[in-house]
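Peer 1: Please read through the structure below; I'll follow up with questions.
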Amino acid sequence: MPRAAMQERPRIAITVGDPAGIGPEIAIAAAGSREVRAVCEPVLYGPHSPEALAAFSAGVVSAEAGQASYDAIVAAVRDAQAGVVHGIATGPVHKEAFAACGLPWKGHTDLLGHLTGSRQVAMMFYSEPLRVVLATVHVPLSDVPRLLTQTLLEDVITLTARSLPDFGYVAPRIGLAGLNPHAGEHGLMGHEDDAVLRPAVEACRARGIDVQGPFPGDTVFLKATRGAFDVVVACYHDQGLIPVKLLAFGQSVNVTLGLPIIRTSVDHGTAFDIARQGTADASSMVSAITLAARLARGRAATDNSGPLR
């Protein structure tokens with residue numbers, strides 16, 4: 001039977017993230033929700049029972065918590081690669097806890113790229129009002145101009161154009177946010193927009209990609225919400241995440257583009273200040289899981305190798 005005709009729900013791995021944060025709480029709540037159960041079979045990875053969580057102090061950074069969150073990610077990726085699960089939705093990890101146990105990765109995106117051997121990955125935040133892909137992620141702002149090469153931008157734009165059809169945008173219209181105020185104002189406020197960003201756009205357009213820019217960062221996101229673009233490529237972390245979180249905090253989903261497996265995540269951090277208080281909002285985790293299930297079904301519908309295992 002072709003996958004398009006399958007009736008069973010995809011299995012989605014849910015990693016609980018750092019066990020000292022709100023990850024286990026929102027993972028359990030989301031996995032038990034009617035909305036999630038209607039579209040997939042959730043499978044929890046990582047410490048989440050009261051007995052297992054007792055080994056970690058709530059709201060405290062520790063190497064043990066970092067290692068536990070890492071181990072859960074590794075197990076989920078292994079099972080996704082083997083077809084045991086059909087996608088992964090991850091709870092928030094703590095970068096300091098990763099560092100405390102000697103892990104070199106800054107978070108999920110670079111770790112997942114390493115675990116899957118992916119050459120090019122990018123972080124996208126997906127929401128109904130706005131979709132944003134980040135050209136650079138967890139780096140100091142002072143390093144962004146040096147890292148933002150024409151090659152990097154061409155790779156990110158190309159990956160975005162290749163990935164957006166999975167989300168229903170068959171011929172995605174891409175807008176590139178400028179690096180400097182007013183997109184450099186023809187060199188008056190920085191040279192990178194004309195020397196690096198514009199040539200990257202022209203090169204991608206020559207290959208048939210519908211991308212425009214660079215546009216001033218203070219207007220390009222507004223243009224996108226009004227229908228001019230399906231997705232915006234932002235130059236750096238906060239440039240892209242501020243508008244997404246302003247418009248859709250709790251509903252936007254972090255998606256890793258460029259992986260051979262499906263991975264989504266929440267749009268927030270570990271929230272140590274409210275860990276285990278029963279007040280954490282699981283809505284972003286619900287959104288992440290349901291999007292992973294949707295992507296898994298879409299991938300199955302275009303794969304003729306048989307039904308989900």
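Here's how to read the names in the structure tokens: chain A, B, ... by the order shown, residue numbers from 1 in each chain, ligand numbers from 1 in the order shown.
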Any idea what's packed within 9 Å of region 128-135 of chain A, counting only C-alpha atoms, ignoring anything in its chain fewer than 2 positions away? Could you give it as number ranges by chain?
Peer 2: A: 122-126, 137, 148, 152-153, 156-157, 160, 221, 224-226, 230-237, 239-241, 243-244, 247-248, 251-252, 257
Peer 1: Apply DSSP to the backbone of this structure and, from region 143-275 of chain A, keep only the residues in strand (DSSP E or B); write these as a PyMOL selection string.
Peer 2: chain A and resi 174-177+187+190+211-215+231-234+253-257+263-265
Peer 1: Can those selected residues be exported to a file as a compact mmCIF listing (two decimals), in the first residue's frame so that it contains N, CA, C and O atoms?
Peer 2:
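Writing done, so here's selection_35.txt:
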# COMPACT_ATOMS: atom_id res chain seq x y z
N ILE A 174 11.12 34.40 -1.28
CA ILE A 174 12.04 34.61 -0.16
C ILE A 174 12.48 36.07 -0.13
O ILE A 174 12.87 36.64 -1.15
N GLY A 175 12.44 36.67 1.05
CA GLY A 175 12.98 38.01 1.25
C GLY A 175 14.21 37.93 2.14
O GLY A 175 14.21 37.18 3.12
N LEU A 176 15.25 38.66 1.80
CA LEU A 176 16.47 38.69 2.60
C LEU A 176 16.53 39.98 3.38
O LEU A 176 16.44 41.07 2.81
N ALA A 177 16.68 39.88 4.70
CA ALA A 177 16.82 41.06 5.55
C ALA A 177 18.23 41.61 5.44
O ALA A 177 19.21 40.86 5.41
N GLY A 187 26.05 51.91 1.02
CA GLY A 187 27.39 52.07 1.56
C GLY A 187 27.54 53.13 2.62
O GLY A 187 28.59 53.20 3.28
N GLY A 190 27.41 50.99 6.08
CA GLY A 190 28.01 49.67 6.05
C GLY A 190 28.08 49.13 4.64
O GLY A 190 27.20 49.39 3.81
N VAL A 211 14.07 35.02 -4.88
CA VAL A 211 14.55 35.72 -3.69
C VAL A 211 14.78 37.17 -4.04
O VAL A 211 15.24 37.49 -5.15
N GLN A 212 14.47 38.05 -3.11
CA GLN A 212 14.66 39.48 -3.30
C GLN A 212 15.33 40.08 -2.07
O GLN A 212 15.24 39.54 -0.98
N GLY A 213 16.00 41.19 -2.26
CA GLY A 213 16.64 41.90 -1.16
C GLY A 213 18.06 42.25 -1.49
O GLY A 213 18.50 42.10 -2.63
N PRO A 214 18.80 42.70 -0.49
CA PRO A 214 18.39 42.86 0.91
C PRO A 214 17.47 44.05 1.13
O PRO A 214 17.64 45.10 0.50
N PHE A 215 16.51 43.87 2.02
CA PHE A 215 15.60 44.92 2.43
C PHE A 215 15.94 45.36 3.85
O PHE A 215 16.43 44.56 4.65
N VAL A 231 8.72 33.59 3.28
CA VAL A 231 9.72 33.38 4.31
C VAL A 231 10.76 34.49 4.21
O VAL A 231 11.01 35.02 3.12
N VAL A 232 11.33 34.84 5.35
CA VAL A 232 12.40 35.84 5.39
C VAL A 232 13.67 35.16 5.90
O VAL A 232 13.63 34.42 6.89
N VAL A 233 14.78 35.40 5.22
CA VAL A 233 16.08 34.97 5.72
C VAL A 233 16.68 36.14 6.50
O VAL A 233 16.86 37.23 5.95
N ALA A 234 16.93 35.92 7.79
CA ALA A 234 17.50 36.95 8.66
C ALA A 234 18.99 36.72 8.82
O ALA A 234 19.47 35.59 8.77
N VAL A 253 7.24 27.38 15.82
CA VAL A 253 7.96 26.12 15.97
C VAL A 253 9.35 26.25 15.36
O VAL A 253 9.50 26.74 14.24
N ASN A 254 10.35 25.82 16.10
CA ASN A 254 11.73 25.78 15.63
C ASN A 254 11.91 24.50 14.81
O ASN A 254 11.66 23.40 15.30
N VAL A 255 12.30 24.65 13.55
CA VAL A 255 12.49 23.50 12.65
C VAL A 255 13.92 23.53 12.13
O VAL A 255 14.42 24.58 11.72
N THR A 256 14.59 22.38 12.13
CA THR A 256 15.92 22.30 11.55
C THR A 256 15.82 21.88 10.10
O THR A 256 15.36 20.77 9.79
N LEU A 257 16.24 22.76 9.19
CA LEU A 257 16.25 22.45 7.77
C LEU A 257 17.56 21.76 7.40
O LEU A 257 18.60 22.02 8.00
N ARG A 263 12.84 17.18 12.41
CA ARG A 263 13.05 17.67 13.77
C ARG A 263 12.38 19.02 13.96
O ARG A 263 12.62 19.97 13.21
N THR A 264 11.53 19.12 14.96
CA THR A 264 10.91 20.37 15.36
C THR A 264 11.20 20.61 16.84
O THR A 264 11.64 19.71 17.56
N SER A 265 10.93 21.82 17.30
CA SER A 265 11.17 22.12 18.71
C SER A 265 10.33 23.31 19.14
O SER A 265 9.69 23.98 18.32
Peer 1: Which of region 12-135 of chain A counts as alpha helix (DSSP H) under DSSP, as a PyMOL selection string please?
Peer 2: chain A and resi 23-31+34-37+50-53+63-82+95-100+108-116
Peer 1: Any chance you can output those residues with C-alpha atoms as an mmCIF file, in the first residue's frame?
Peer 2:
data_model
loop_
_atom_site.group_PDB
_atom_site.id
_atom_site.type_symbol
_atom_site.label_atom_id
_atom_site.label_comp_id
_atom_site.auth_asym_id
_atom_site.auth_seq_id
_atom_site.Cartn_x
_atom_site.Cartn_y
_atom_site.Cartn_z
ATOM 1 C CA GLY A 23 10.922 20.378 29.431
ATOM 2 C CA PRO A 24 9.663 17.228 31.183
ATOM 3 C CA GLU A 25 6.510 19.005 32.345
ATOM 4 C CA ILE A 26 5.541 20.330 28.918
ATOM 5 C CA ALA A 27 6.549 17.081 27.207
ATOM 6 C CA ILE A 28 4.237 15.042 29.442
ATOM 7 C CA ALA A 29 1.391 17.542 29.101
ATOM 8 C CA ALA A 30 1.707 17.716 25.314
ATOM 9 C CA ALA A 31 2.052 13.951 24.888
ATOM 10 C CA ARG A 34 -6.075 15.305 22.791
ATOM 11 C CA GLU A 35 -4.637 17.449 19.980
ATOM 12 C CA VAL A 36 -1.397 15.477 19.880
ATOM 13 C CA ARG A 37 -2.998 12.052 20.326
ATOM 14 C CA PRO A 50 9.030 11.764 39.372
ATOM 15 C CA GLU A 51 11.598 9.151 40.417
ATOM 16 C CA ALA A 52 13.936 9.975 37.511
ATOM 17 C CA LEU A 53 13.574 13.740 37.956
ATOM 18 C CA ALA A 63 26.652 18.502 34.021
ATOM 19 C CA GLU A 64 24.379 15.597 34.899
ATOM 20 C CA ALA A 65 21.338 17.358 33.445
ATOM 21 C CA GLY A 66 23.282 18.330 30.341
ATOM 22 C CA GLN A 67 24.382 14.743 29.816
ATOM 23 C CA ALA A 68 20.841 13.430 30.305
ATOM 24 C CA SER A 69 19.420 15.810 27.725
ATOM 25 C CA TYR A 70 22.201 14.926 25.285
ATOM 26 C CA ASP A 71 21.642 11.176 25.756
ATOM 27 C CA ALA A 72 17.934 11.571 24.998
ATOM 28 C CA ILE A 73 18.675 13.447 21.772
ATOM 29 C CA VAL A 74 21.176 10.819 20.648
ATOM 30 C CA ALA A 75 18.682 8.017 21.317
ATOM 31 C CA ALA A 76 15.877 9.806 19.471
ATOM 32 C CA VAL A 77 18.084 10.547 16.448
ATOM 33 C CA ARG A 78 19.220 6.928 16.339
ATOM 34 C CA ASP A 79 15.621 5.724 16.347
ATOM 35 C CA ALA A 80 14.582 8.277 13.721
ATOM 36 C CA GLN A 81 17.380 7.153 11.440
ATOM 37 C CA ALA A 82 16.329 3.537 11.936
ATOM 38 C CA LYS A 95 23.669 25.582 26.716
ATOM 39 C CA GLU A 96 25.558 26.006 29.989
ATOM 40 C CA ALA A 97 24.634 22.471 31.037
ATOM 41 C CA PHE A 98 25.950 21.191 27.692
ATOM 42 C CA ALA A 99 29.198 23.040 28.322
ATOM 43 C CA ALA A 100 29.371 21.792 31.917
ATOM 44 C CA HIS A 108 20.252 21.291 18.980
ATOM 45 C CA THR A 109 20.934 22.647 15.491
ATOM 46 C CA ASP A 110 24.673 22.068 15.339
ATOM 47 C CA LEU A 111 24.411 18.849 17.381
ATOM 48 C CA LEU A 112 21.793 17.382 15.040
ATOM 49 C CA GLY A 113 23.864 18.342 12.033
ATOM 50 C CA HIS A 114 26.791 16.455 13.571
ATOM 51 C CA LEU A 115 24.790 13.381 14.547
ATOM 52 C CA THR A 116 23.260 13.027 11.072
#
Peer 1: Would you please work out which residue, of A:Val43, A:Asp210, A:Phe167, A:Pro104, is nearest to Ala228 (chain A) when using only C-alpha atoms?
Peer 2: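 Answer, going by the shortest atom-to-atom distance: A:Asp210.
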Peer 1: Find, counting only C-alpha atoms, the residue in A:Val93, A:Leu197, A:Cys101, A:Ile12 that gets nearest to Arg297 (chain A).
Peer 2: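 Looking at the shortest contact to Arg297 (chain A), the residue is A:Ile12.
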Peer 1: Please, what distance in Å, to one decimal, runs between CA of Met285 (chain A) and CA of Thr15 (chain A)?
Peer 2: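 Computed distance, CA of Met285 (chain A) to CA of Thr15 (chain A), equals 10.5 Å.
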Peer 1: Determine, counting only C-alpha atoms, which protein, DNA and RNA residues have an atom within 9 Å of an atom of Ser118 (chain A); residues of the same chain fewer than 6 positions away are not included. Present the result as a list in words.
Peer 2: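 Once the nearby chain positions are removed, what remains is Leu112, Gly258, Leu259 and Pro260 of chain A.
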Peer 1: Can you write just those residues out, C-alpha atoms, as a PDB file, in the first residue's frame?
Peer 2:
ATOM      1  CA  LEU A 112      21.793  17.382  15.040  1.00  0.00           C
ATOM      2  CA  GLY A 258      18.717  20.236   5.933  1.00  0.00           C
ATOM      3  CA  LEU A 259      18.446  17.084   8.072  1.00  0.00           C
ATOM      4  CA  PRO A 260      17.598  13.639   6.692  1.00  0.00           C
TER       5      PRO A 260
END
Peer 1: Given the choices A:Leu179, A:Gly250, A:Gly107, A:Ile209, which gets closest to His138 (chain A) if the distance is worked out from only C-alpha atoms?
Peer 2: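 The shortest atom-to-atom distance to His138 (chain A) comes from A:Gly107.
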Peer 1: Could you tell me how far CA of Arg11 (chain A) sits from CA of Gln120 (chain A), in Å to one decimal place?
Peer 2: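 Rounded to one decimal, the two atoms are 25.9 Å apart.
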